[in-house]
>>> print(open('protein_10.csv').read())   # CSV, C-alpha atoms
chain,number,residue,atom,x,y,z
A,272,MET,CA,-2.9,61.0,43.1
A,273,GLN,CA,-5.0,57.9,43.5
A,274,ILE,CA,-3.8,55.8,46.4
A,275,THR,CA,-4.9,52.4,47.7
A,276,LEU,CA,-4.1,52.1,51.4
A,277,THR,CA,-4.1,48.8,53.3
A,278,GLY,CA,-4.4,48.6,57.1
A,279,ALA,CA,-6.5,51.7,57.2
A,280,ARG,CA,-8.0,50.8,60.6
A,281,GLY,CA,-4.6,50.1,62.2
A,282,PHE,CA,-2.4,52.5,64.1
A,283,VAL,CA,-0.2,53.6,61.2
A,284,GLY,CA,-2.8,53.1,58.5
A,285,SER,CA,-5.3,55.4,60.2
A,286,CYS,CA,-2.7,58.2,60.4
A,287,LEU,CA,-1.8,57.8,56.8
A,288,ASP,CA,-5.5,57.8,55.8
A,289,VAL,CA,-6.1,61.2,57.4
A,290,ALA,CA,-2.9,62.8,56.2
A,291,LEU,CA,-3.1,61.6,52.6
A,292,ARG,CA,-6.7,62.8,52.3
A,293,ARG,CA,-5.7,66.2,53.8
A,294,ALA,CA,-2.9,66.5,51.2
A,295,GLY,CA,-5.5,66.2,48.4
A,296,HIS,CA,-5.0,62.6,47.4
A,297,THR,CA,-7.9,60.2,46.6
A,298,VAL,CA,-7.6,57.3,49.0
A,299,ASN,CA,-9.2,53.9,48.6
A,300,ALA,CA,-8.9,52.6,52.2
A,301,ILE,CA,-8.9,48.8,52.5
A,302,GLU,CA,-10.1,47.5,55.8
A,303,GLY,CA,-10.3,43.9,57.0
A,304,GLU,CA,-8.8,40.7,55.5
A,305,LEU,CA,-6.7,41.5,52.4
A,306,GLU,CA,-7.2,38.0,51.1
A,307,ALA,CA,-10.9,38.9,50.6
A,308,VAL,CA,-9.9,41.6,48.0
A,309,ARG,CA,-11.0,40.7,44.5
A,310,GLY,CA,-10.6,42.2,41.1
A,311,THR,CA,-7.8,44.4,39.7
A,312,ILE,CA,-6.5,47.3,41.8
A,313,GLY,CA,-5.6,50.3,39.7
A,314,GLY,CA,-4.6,53.9,40.6
A,315,ASP,CA,-1.2,55.3,41.1
A,316,VAL,CA,0.2,53.9,44.3
A,317,LEU,CA,-0.4,51.1,46.8
A,318,VAL,CA,0.7,52.1,50.3
A,319,HIS,CA,0.9,48.9,52.3
A,320,ALA,CA,0.5,49.5,56.0
A,321,ALA,CA,-1.2,46.3,57.0
A,322,GLY,CA,0.5,43.6,59.0
A,323,ALA,CA,1.1,42.2,62.4
A,324,ILE,CA,4.0,42.6,64.9
A,325,ARG,CA,3.0,39.9,67.4
A,326,GLY,CA,1.7,36.4,67.2
A,327,SER,CA,2.8,32.9,66.3
A,328,ARG,CA,5.3,32.3,63.5
A,329,ARG,CA,2.5,31.1,61.3
A,330,SER,CA,0.2,34.1,62.0
A,331,LEU,CA,3.1,36.6,61.4
A,332,TRP,CA,3.9,35.0,58.1
A,333,SER,CA,0.2,35.0,57.0
A,334,ALA,CA,-0.3,38.7,58.0
A,335,ASN,CA,3.0,40.0,56.6
A,336,VAL,CA,3.8,37.8,53.6
A,337,THR,CA,0.8,35.9,52.4
A,338,ALA,CA,-1.6,38.8,52.5
A,339,PHE,CA,1.0,41.1,50.8
A,340,GLU,CA,1.5,38.6,48.0
A,341,HIS,CA,-2.3,38.5,47.4
A,342,MET,CA,-2.3,42.3,47.1
A,343,LEU,CA,0.6,42.4,44.7
A,344,GLU,CA,-1.2,39.9,42.5
A,345,ARG,CA,-4.2,42.2,42.4
A,346,LEU,CA,-2.3,45.2,41.2
A,347,ALA,CA,-2.5,46.7,37.7
A,348,PRO,CA,0.9,46.7,36.0
A,349,ASP,CA,1.7,50.4,36.5
A,350,VAL,CA,0.8,50.7,40.2
A,351,ARG,CA,3.8,51.7,42.3
A,352,VAL,CA,4.2,50.3,45.9
A,353,VAL,CA,5.2,51.8,49.2
A,354,ALA,CA,6.0,49.1,51.7
A,355,LEU,CA,6.5,49.7,55.4
A,356,SER,CA,9.1,47.4,56.8
A,357,SER,CA,11.1,47.3,60.0
A,358,ARG,CA,14.6,47.5,61.6
A,359,ALA,CA,13.9,43.9,62.6
A,360,VAL,CA,15.2,42.7,59.2
A,361,TYR,CA,18.8,43.7,60.2
A,362,ALA,CA,21.3,41.5,62.0
A,363,PRO,CA,21.5,42.7,65.6
A,364,ALA,CA,24.0,45.6,66.0
A,365,PRO,CA,23.9,46.7,69.6
A,366,ALA,CA,24.4,50.5,70.0
A,367,GLN,CA,25.4,50.8,66.4
A,368,ALA,CA,23.5,53.0,63.9
A,369,VAL,CA,23.2,50.8,60.8
A,370,ALA,CA,22.7,51.9,57.2
A,371,GLU,CA,20.6,50.2,54.6
A,372,ASP,CA,23.5,48.0,53.4
A,373,HIS,CA,24.0,46.4,56.9
A,374,GLU,CA,23.7,42.6,57.0
A,375,LEU,CA,20.2,41.3,56.8
A,376,ARG,CA,19.7,38.6,59.4
A,377,PRO,CA,16.5,38.8,61.4
A,378,ALA,CA,16.6,37.6,64.9
A,379,ASP,CA,12.9,36.7,65.3
A,380,ALA,CA,9.9,35.5,63.3
A,381,TYR,CA,8.6,39.0,62.8
A,382,GLY,CA,11.9,40.2,61.2
A,383,ALA,CA,12.0,37.1,59.0
A,384,ALA,CA,8.4,37.8,57.8
A,385,LYS,CA,9.2,41.4,57.0
A,386,LEU,CA,12.4,40.5,55.1
A,387,ALA,CA,10.4,37.9,53.1
A,388,ALA,CA,7.9,40.5,52.2
A,389,GLU,CA,10.6,42.9,51.0
A,390,ARG,CA,12.0,40.1,48.8
A,391,THR,CA,8.6,39.3,47.5
A,392,LEU,CA,8.2,42.9,46.4
A,393,ALA,CA,11.6,43.1,44.9
A,394,ALA,CA,10.9,40.0,42.8
A,395,THR,CA,7.9,41.7,41.1
A,396,LYS,CA,10.3,44.3,39.5
A,397,ARG,CA,7.7,47.1,40.3
A,398,ALA,CA,8.6,50.6,41.0
A,399,ALA,CA,8.7,50.5,44.8
A,400,LEU,CA,9.8,52.3,47.9
A,401,THR,CA,10.5,50.4,51.1
A,402,LEU,CA,10.8,52.2,54.5
A,403,ARG,CA,12.5,50.4,57.3
A,404,ALA,CA,11.2,52.0,60.5
A,405,THR,CA,12.3,51.8,64.1
A,406,VAL,CA,9.9,51.5,67.1
A,407,LEU,CA,6.8,53.7,66.5
A,408,VAL,CA,5.2,55.9,69.2
A,409,GLY,CA,2.4,58.4,69.0
A,410,VAL,CA,-1.4,59.0,69.1
A,411,ALA,CA,-3.6,58.0,66.2
A,412,PRO,CA,-6.6,60.1,65.1
A,413,ASN,CA,-9.0,57.9,67.0
A,414,GLY,CA,-7.0,58.5,70.2
A,415,ARG,CA,-5.3,55.1,70.0
A,416,LEU,CA,-1.9,55.3,71.7
A,417,ASN,CA,1.2,53.4,70.7
A,418,ALA,CA,4.3,53.2,72.9
A,419,SER,CA,7.1,50.7,73.1
A,420,ALA,CA,6.5,47.7,75.2
A,421,ALA,CA,9.2,48.9,77.6
A,422,VAL,CA,7.5,52.2,78.1
A,423,GLN,CA,4.1,50.5,78.7
A,424,ARG,CA,5.7,48.3,81.4
A,425,MET,CA,7.1,51.4,83.1
A,426,VAL,CA,3.7,53.0,83.3
A,427,GLU,CA,2.1,49.8,84.5
A,428,THR,CA,4.7,49.4,87.2
A,429,ALA,CA,4.3,52.9,88.3
A,430,SER,CA,0.5,52.5,88.5
A,431,LEU,CA,1.0,49.8,91.1
A,432,GLY,CA,3.0,52.2,93.2
A,433,ALA,CA,6.4,50.6,92.5
A,434,PRO,CA,9.4,52.5,91.2
A,435,ILE,CA,10.3,52.5,87.5
A,436,VAL,CA,13.3,50.3,86.8
A,437,CYS,CA,15.6,51.5,84.0
A,438,HIS,CA,17.5,48.6,82.6
A,439,GLY,CA,20.5,49.8,80.8
A,440,GLY,CA,21.5,53.3,81.7
A,441,GLY,CA,23.5,55.2,79.1
A,442,GLN,CA,22.2,53.5,76.1
A,443,SER,CA,20.2,55.3,73.4
A,444,VAL,CA,16.8,54.7,71.7
A,445,ASP,CA,15.5,56.2,68.4
A,446,PHE,CA,11.7,56.0,68.8
A,447,LEU,CA,9.9,57.5,65.8
A,448,ASP,CA,6.7,59.6,66.1
A,449,VAL,CA,4.2,58.0,63.8
A,450,TRP,CA,3.3,61.4,62.3
A,451,GLU,CA,6.8,61.8,61.1
A,452,LEU,CA,6.7,58.4,59.4
A,453,VAL,CA,3.5,59.7,57.7
A,454,GLU,CA,5.2,62.9,56.7
A,455,ALA,CA,8.1,60.9,55.1
A,456,VAL,CA,5.6,59.0,53.0
A,457,GLU,CA,3.9,62.2,51.9
A,458,ARG,CA,7.2,63.7,50.9
A,459,LEU,CA,8.5,60.7,49.1
A,460,ILE,CA,5.6,59.5,47.0
A,461,VAL,CA,5.6,62.7,45.0
A,462,ARG,CA,9.3,62.5,44.1
A,463,ASP,CA,10.4,60.6,41.0
A,464,ASP,CA,13.8,60.0,42.5
A,465,ALA,CA,12.4,58.2,45.6
A,466,TRP,CA,11.2,55.1,43.7
A,467,GLY,CA,13.5,52.1,43.6
A,468,ARG,CA,14.9,52.9,47.1
A,469,THR,CA,15.0,51.3,50.5
A,470,LEU,CA,15.4,53.8,53.2
A,471,ASN,CA,15.8,53.7,57.0
A,472,ILE,CA,13.6,56.0,59.1
A,473,ALA,CA,14.0,56.7,62.8
A,474,GLY,CA,13.6,59.5,65.3
A,475,PRO,CA,16.5,61.4,67.0
A,476,GLN,CA,18.6,59.3,69.3
A,477,VAL,CA,17.7,60.0,72.9
A,478,ALA,CA,19.4,58.6,76.0
A,479,LEU,CA,17.2,56.0,77.6
A,480,ASP,CA,17.9,57.6,81.0
A,481,GLU,CA,16.3,60.9,79.8
A,482,TRP,CA,13.2,59.1,78.5
A,483,VAL,CA,12.7,57.1,81.7
A,484,THR,CA,13.3,60.1,83.9
A,485,ALA,CA,10.7,62.1,81.9
A,486,VAL,CA,8.1,59.3,82.3
A,487,ALA,CA,8.9,59.1,86.0
A,488,CYS,CA,8.5,62.8,86.5
A,489,GLU,CA,5.2,62.8,84.8
A,490,LEU,CA,4.1,60.0,87.1
A,491,GLY,CA,5.7,61.3,90.2
A,492,THR,CA,7.5,58.0,90.6
A,493,PRO,CA,11.1,57.3,91.6
A,494,VAL,CA,13.5,55.5,89.2
A,495,GLU,CA,15.9,52.7,90.0
A,496,HIS,CA,18.8,51.9,87.7
A,497,THR,CA,20.1,48.5,86.9
A,498,PRO,CA,23.2,47.3,84.9
A,499,ALA,CA,23.0,47.9,81.2
A,500,ALA,CA,20.9,45.6,79.1
A,501,THR,CA,21.8,44.7,75.5
A,502,PRO,CA,21.4,48.0,73.6
A,503,PRO,CA,19.0,48.1,70.7
A,504,THR,CA,20.0,48.4,67.0
A,505,LEU,CA,19.7,52.0,65.9
A,506,LEU,CA,19.0,53.2,62.4
A,507,ASP,CA,21.2,55.5,60.3
A,508,CYS,CA,18.8,57.9,58.4
A,509,GLY,CA,21.6,59.5,56.3
A,510,ARG,CA,20.2,58.4,53.0
A,511,LEU,CA,16.7,59.8,53.8
A,512,ASP,CA,18.3,63.1,54.7
A,513,GLN,CA,20.4,63.2,51.6
A,514,LEU,CA,17.3,62.6,49.4
A,515,LEU,CA,14.9,65.0,51.1
A,516,GLY,CA,17.0,67.4,53.1
A,517,TRP,CA,14.8,66.3,56.0
A,518,ARG,CA,14.8,63.8,58.8
A,519,PRO,CA,12.5,63.2,61.8
A,520,THR,CA,13.3,65.5,64.7
A,521,ARG,CA,10.4,65.2,67.1
A,522,GLN,CA,11.4,64.0,70.5
A,523,PRO,CA,9.4,61.0,71.8
A,524,SER,CA,9.0,62.9,75.1
A,525,SER,CA,6.3,64.9,73.3
A,526,ILE,CA,3.8,62.0,73.9
A,527,ILE,CA,4.7,61.2,77.5
A,528,SER,CA,1.6,63.0,78.9
A,529,ALA,CA,-0.6,61.1,76.5
A,530,ILE,CA,1.0,57.8,77.6
A,531,VAL,CA,0.4,58.6,81.2
A,532,ARG,CA,-3.2,59.7,80.7
A,533,GLY,CA,-3.9,56.5,78.7
A,534,ARG,CA,-2.5,54.1,81.2
>>> encode(input="protein_10.csv", output="C-alpha cells")
Amino acid sequence: MQITLTGARGFVGSCLDVALRRAGHTVNAIEGELEAVRGTIGGDVLVHAAGAIRGSRRSLWSANVTAFEHMLERLAPDVRVVALSSRAVYAPAPAQAVAEDHELRPADAYGAAKLAAERTLAATKRAALTLRATVLVGVAPNGRLNASAAVQRMVETASLGAPIVCHGGGQSVDFLDVWELVEAVERLIVRDDAWGRTLNIAGPQVALDEWVTAVACELGTPVEHTPAATPPTLLDCGRLDQLLGWRPTRQPSSIISAIVRGR
C-alpha cells in the first residue's frame, strides 16, 4: 500500500513511519510545513498525524485546520484519509465513558480546531477513517518521551525533593500507549469495513491513585492526597472492539521507568 504520512517528525508520526514501513507499506513521509506541499498527492492512503496541541487559538487553527485543508486539496480523487483526532471534541463528561455519538461540544480552542478538521474532512465525501484518541503516552523511535502534563509535573515536583500531590483520589484515567494507536491504524487501513467510520481509541482505565503511586515508588518519593479534582472524560472503545475484536490493553505503567529516566 502507498501511504502519504504527515507529521513524520512528530511524536505520533515518527512511530507510524517506522511501523508502516516495517509492515511493508511504501511511505512518503512529509516533514515540515504542509502549506509548502505542491502538486497532486496520489497513492492509496493519506495518514494525517500532523498538528499542534498547544498554542494560541490562531496557531491551533492554522496547524490543525488550515494545513489539513491544504493537504486535502492536494489529494487525488481516490486517496483515502486517516485522520487522528481527539477526545477534546466531546462535551465534558466527568468520569463517564463516552461513545462516538456523545455530544460534540469542545471546551477549548484545541478541541474546536480538531472538530473543525473532522467536519472539513466529512465535507469532502472521501472514504475516511477518524480516530478520536485520549491522552497519549510512550517513547518514540528517537527516544522522545511523551507523558501527560500531570505526570510531567509529578516528576518535576519529585526532582525538587517535594512529595507528589495526587489531586483527585479514586478517579480513573485511560492513557493510551502510542504504539497501540499505531497498531490500530495498521489493523484498520487494510480493512474495507473500517472506512467511513469514526472510532474512539483509549487505553485501559486505571485508577489515578495506582498510577501516581507507581510513579512515586519509582522515584522513591512520598505521595500526598488532596480532595478529588474534576475527573477527565473517558472514552468508550466498544465500537473499535466490535470491529477488530481487539482493543488497547497496555498499562501506562509500562513507561514509568522511561519517564523517570527522562526527567
>>> atom_distance(input="protein_10.csv", atom1="CA of Trp332 in chain A", atom2="CA of Ala380 in chain A")
8.0 Å
>>> residues_around(input="protein_10.csv", residues="Met342 in chain A", least_positions_apart="2", cutoff="8 Å", atoms="only C-alpha atoms", output="list of chain:residue names")
A:Leu305, A:Glu306, A:Val308, A:Ala338, A:Phe339, A:Glu340, A:Glu344, A:Arg345, A:Leu346
>>> residues_around(input="protein_10.csv", residues="range 353-368 of chain A", least_positions_apart="5", cutoff="9 Å", atoms="all atoms listed in the file", output="CSV table (one decimal) with C-alpha atoms, in the coordinates of the input")
chain,number,residue,atom,x,y,z
A,316,VAL,CA,0.2,53.9,44.3
A,317,LEU,CA,-0.4,51.1,46.8
A,318,VAL,CA,0.7,52.1,50.3
A,319,HIS,CA,0.9,48.9,52.3
A,320,ALA,CA,0.5,49.5,56.0
A,321,ALA,CA,-1.2,46.3,57.0
A,373,HIS,CA,24.0,46.4,56.9
A,374,GLU,CA,23.7,42.6,57.0
A,375,LEU,CA,20.2,41.3,56.8
A,376,ARG,CA,19.7,38.6,59.4
A,377,PRO,CA,16.5,38.8,61.4
A,378,ALA,CA,16.6,37.6,64.9
A,379,ASP,CA,12.9,36.7,65.3
A,381,TYR,CA,8.6,39.0,62.8
A,382,GLY,CA,11.9,40.2,61.2
A,383,ALA,CA,12.0,37.1,59.0
A,384,ALA,CA,8.4,37.8,57.8
A,385,LYS,CA,9.2,41.4,57.0
A,386,LEU,CA,12.4,40.5,55.1
A,388,ALA,CA,7.9,40.5,52.2
A,389,GLU,CA,10.6,42.9,51.0
A,392,LEU,CA,8.2,42.9,46.4
A,398,ALA,CA,8.6,50.6,41.0
A,399,ALA,CA,8.7,50.5,44.8
A,400,LEU,CA,9.8,52.3,47.9
A,401,THR,CA,10.5,50.4,51.1
A,402,LEU,CA,10.8,52.2,54.5
A,403,ARG,CA,12.5,50.4,57.3
A,404,ALA,CA,11.2,52.0,60.5
A,405,THR,CA,12.3,51.8,64.1
A,406,VAL,CA,9.9,51.5,67.1
A,442,GLN,CA,22.2,53.5,76.1
A,443,SER,CA,20.2,55.3,73.4
A,444,VAL,CA,16.8,54.7,71.7
A,456,VAL,CA,5.6,59.0,53.0
A,460,ILE,CA,5.6,59.5,47.0
A,466,TRP,CA,11.2,55.1,43.7
A,471,ASN,CA,15.8,53.7,57.0
A,472,ILE,CA,13.6,56.0,59.1
A,501,THR,CA,21.8,44.7,75.5
A,502,PRO,CA,21.4,48.0,73.6
A,503,PRO,CA,19.0,48.1,70.7
A,504,THR,CA,20.0,48.4,67.0
A,505,LEU,CA,19.7,52.0,65.9
A,506,LEU,CA,19.0,53.2,62.4
A,507,ASP,CA,21.2,55.5,60.3
A,508,CYS,CA,18.8,57.9,58.4
>>> residues_around(input="protein_10.csv", residues="Asn299 in chain A", least_positions_apart="3", cutoff="12 Å", atoms="only C-alpha atoms", output="list in words")
Met272, Gln273, Ile274, Thr275, Leu276, Thr277, Gly278, Ala279, Gly284, Leu287, Asp288, Val289, Leu291, Arg292, His296, Glu302, Ile312, Gly313, Gly314, Asp315, Val316, Leu317, Val318 and His319 of chain A
>>> closest_residue(input="protein_10.csv", among="A:Arg280, A:Ile435, A:Gly474, A:Val453", to="Ile301 in chain A", atoms="all atoms listed in the file")
A:Arg280
>>> closest_residue(input="protein_10.csv", among="A:Arg309, A:Ala300, A:Arg397, A:Arg325", to="Asp349 in chain A", atoms="all atoms listed in the file")
A:Arg397
>>> closest_residue(input="protein_10.csv", among="A:Thr484, A:Ser327, A:Thr391, A:Asn413", to="Val283 in chain A", atoms="all atoms listed in the file")
A:Asn413
>>> closest_residue(input="protein_10.csv", among="A:Val486, A:Val461, A:Ala411, A:Ala478", to="Ala294 in chain A", atoms="only C-alpha atoms")
A:Val461
>>> closest_residue(input="protein_10.csv", among="A:Gly491, A:Ala334, A:Ser285, A:Arg415", to="Val298 in chain A", atoms="all atoms listed in the file")
A:Ser285
>>> atom_distance(input="protein_10.csv", atom1="CA of Pro412 in chain A", atom2="CA of Ala465 in chain A")
27.3 Å
>>> atom_distance(input="protein_10.csv", atom1="CA of Phe446 in chain A", atom2="CA of Val352 in chain A")
24.8 Å
>>> closest_residue(input="protein_10.csv", among="A:Arg329, A:Arg390, A:Arg518, A:Lys396", to="Leu459 in chain A", atoms="all atoms listed in the file")
A:Arg518
>>> decode(input="protein_10.csv", residues="range 503-515 of chain A", atoms="N, CA and C atoms", output="mmCIF file, in the first residue's frame")
data_model
loop_
_atom_site.group_PDB
_atom_site.id
_atom_site.type_symbol
_atom_site.label_atom_id
_atom_site.label_comp_id
_atom_site.auth_asym_id
_atom_site.auth_seq_id
_atom_site.Cartn_x
_atom_site.Cartn_y
_atom_site.Cartn_z
ATOM 1 N N PRO A 503 -11.547 13.377 34.406
ATOM 2 C CA PRO A 503 -11.490 13.576 32.949
ATOM 3 C C PRO A 503 -12.603 12.821 32.242
ATOM 4 N N THR A 504 -12.855 13.197 30.997
ATOM 5 C CA THR A 504 -13.766 12.442 30.149
ATOM 6 C C THR A 504 -13.034 11.202 29.643
ATOM 7 N N LEU A 505 -13.645 10.053 29.813
ATOM 8 C CA LEU A 505 -13.057 8.784 29.374
ATOM 9 C C LEU A 505 -13.726 8.335 28.076
ATOM 10 N N LEU A 506 -13.042 7.512 27.308
ATOM 11 C CA LEU A 506 -13.567 7.072 26.022
ATOM 12 C C LEU A 506 -14.026 5.624 26.054
ATOM 13 N N ASP A 507 -15.190 5.379 25.506
ATOM 14 C CA ASP A 507 -15.733 4.038 25.316
ATOM 15 C C ASP A 507 -15.216 3.515 23.975
ATOM 16 N N CYS A 508 -14.458 2.422 24.015
ATOM 17 C CA CYS A 508 -13.862 1.852 22.790
ATOM 18 C C CYS A 508 -14.632 0.639 22.274
ATOM 19 N N GLY A 509 -15.884 0.533 22.636
ATOM 20 C CA GLY A 509 -16.669 -0.640 22.264
ATOM 21 C C GLY A 509 -16.775 -0.862 20.774
ATOM 22 N N ARG A 510 -16.926 0.203 19.998
ATOM 23 C CA ARG A 510 -17.084 0.041 18.545
ATOM 24 C C ARG A 510 -15.785 -0.416 17.890
ATOM 25 N N LEU A 511 -14.670 0.052 18.400
ATOM 26 C CA LEU A 511 -13.377 -0.427 17.912
ATOM 27 C C LEU A 511 -13.241 -1.922 18.179
ATOM 28 N N ASP A 512 -13.605 -2.328 19.367
ATOM 29 C CA ASP A 512 -13.523 -3.741 19.751
ATOM 30 C C ASP A 512 -14.453 -4.586 18.894
ATOM 31 N N GLN A 513 -15.669 -4.106 18.645
ATOM 32 C CA GLN A 513 -16.613 -4.856 17.819
ATOM 33 C C GLN A 513 -16.083 -5.056 16.407
ATOM 34 N N LEU A 514 -15.410 -4.050 15.883
ATOM 35 C CA LEU A 514 -14.910 -4.130 14.513
ATOM 36 C C LEU A 514 -13.703 -5.056 14.403
ATOM 37 N N LEU A 515 -12.757 -4.913 15.330
ATOM 38 C CA LEU A 515 -11.489 -5.624 15.228
ATOM 39 C C LEU A 515 -11.377 -6.850 16.124
#
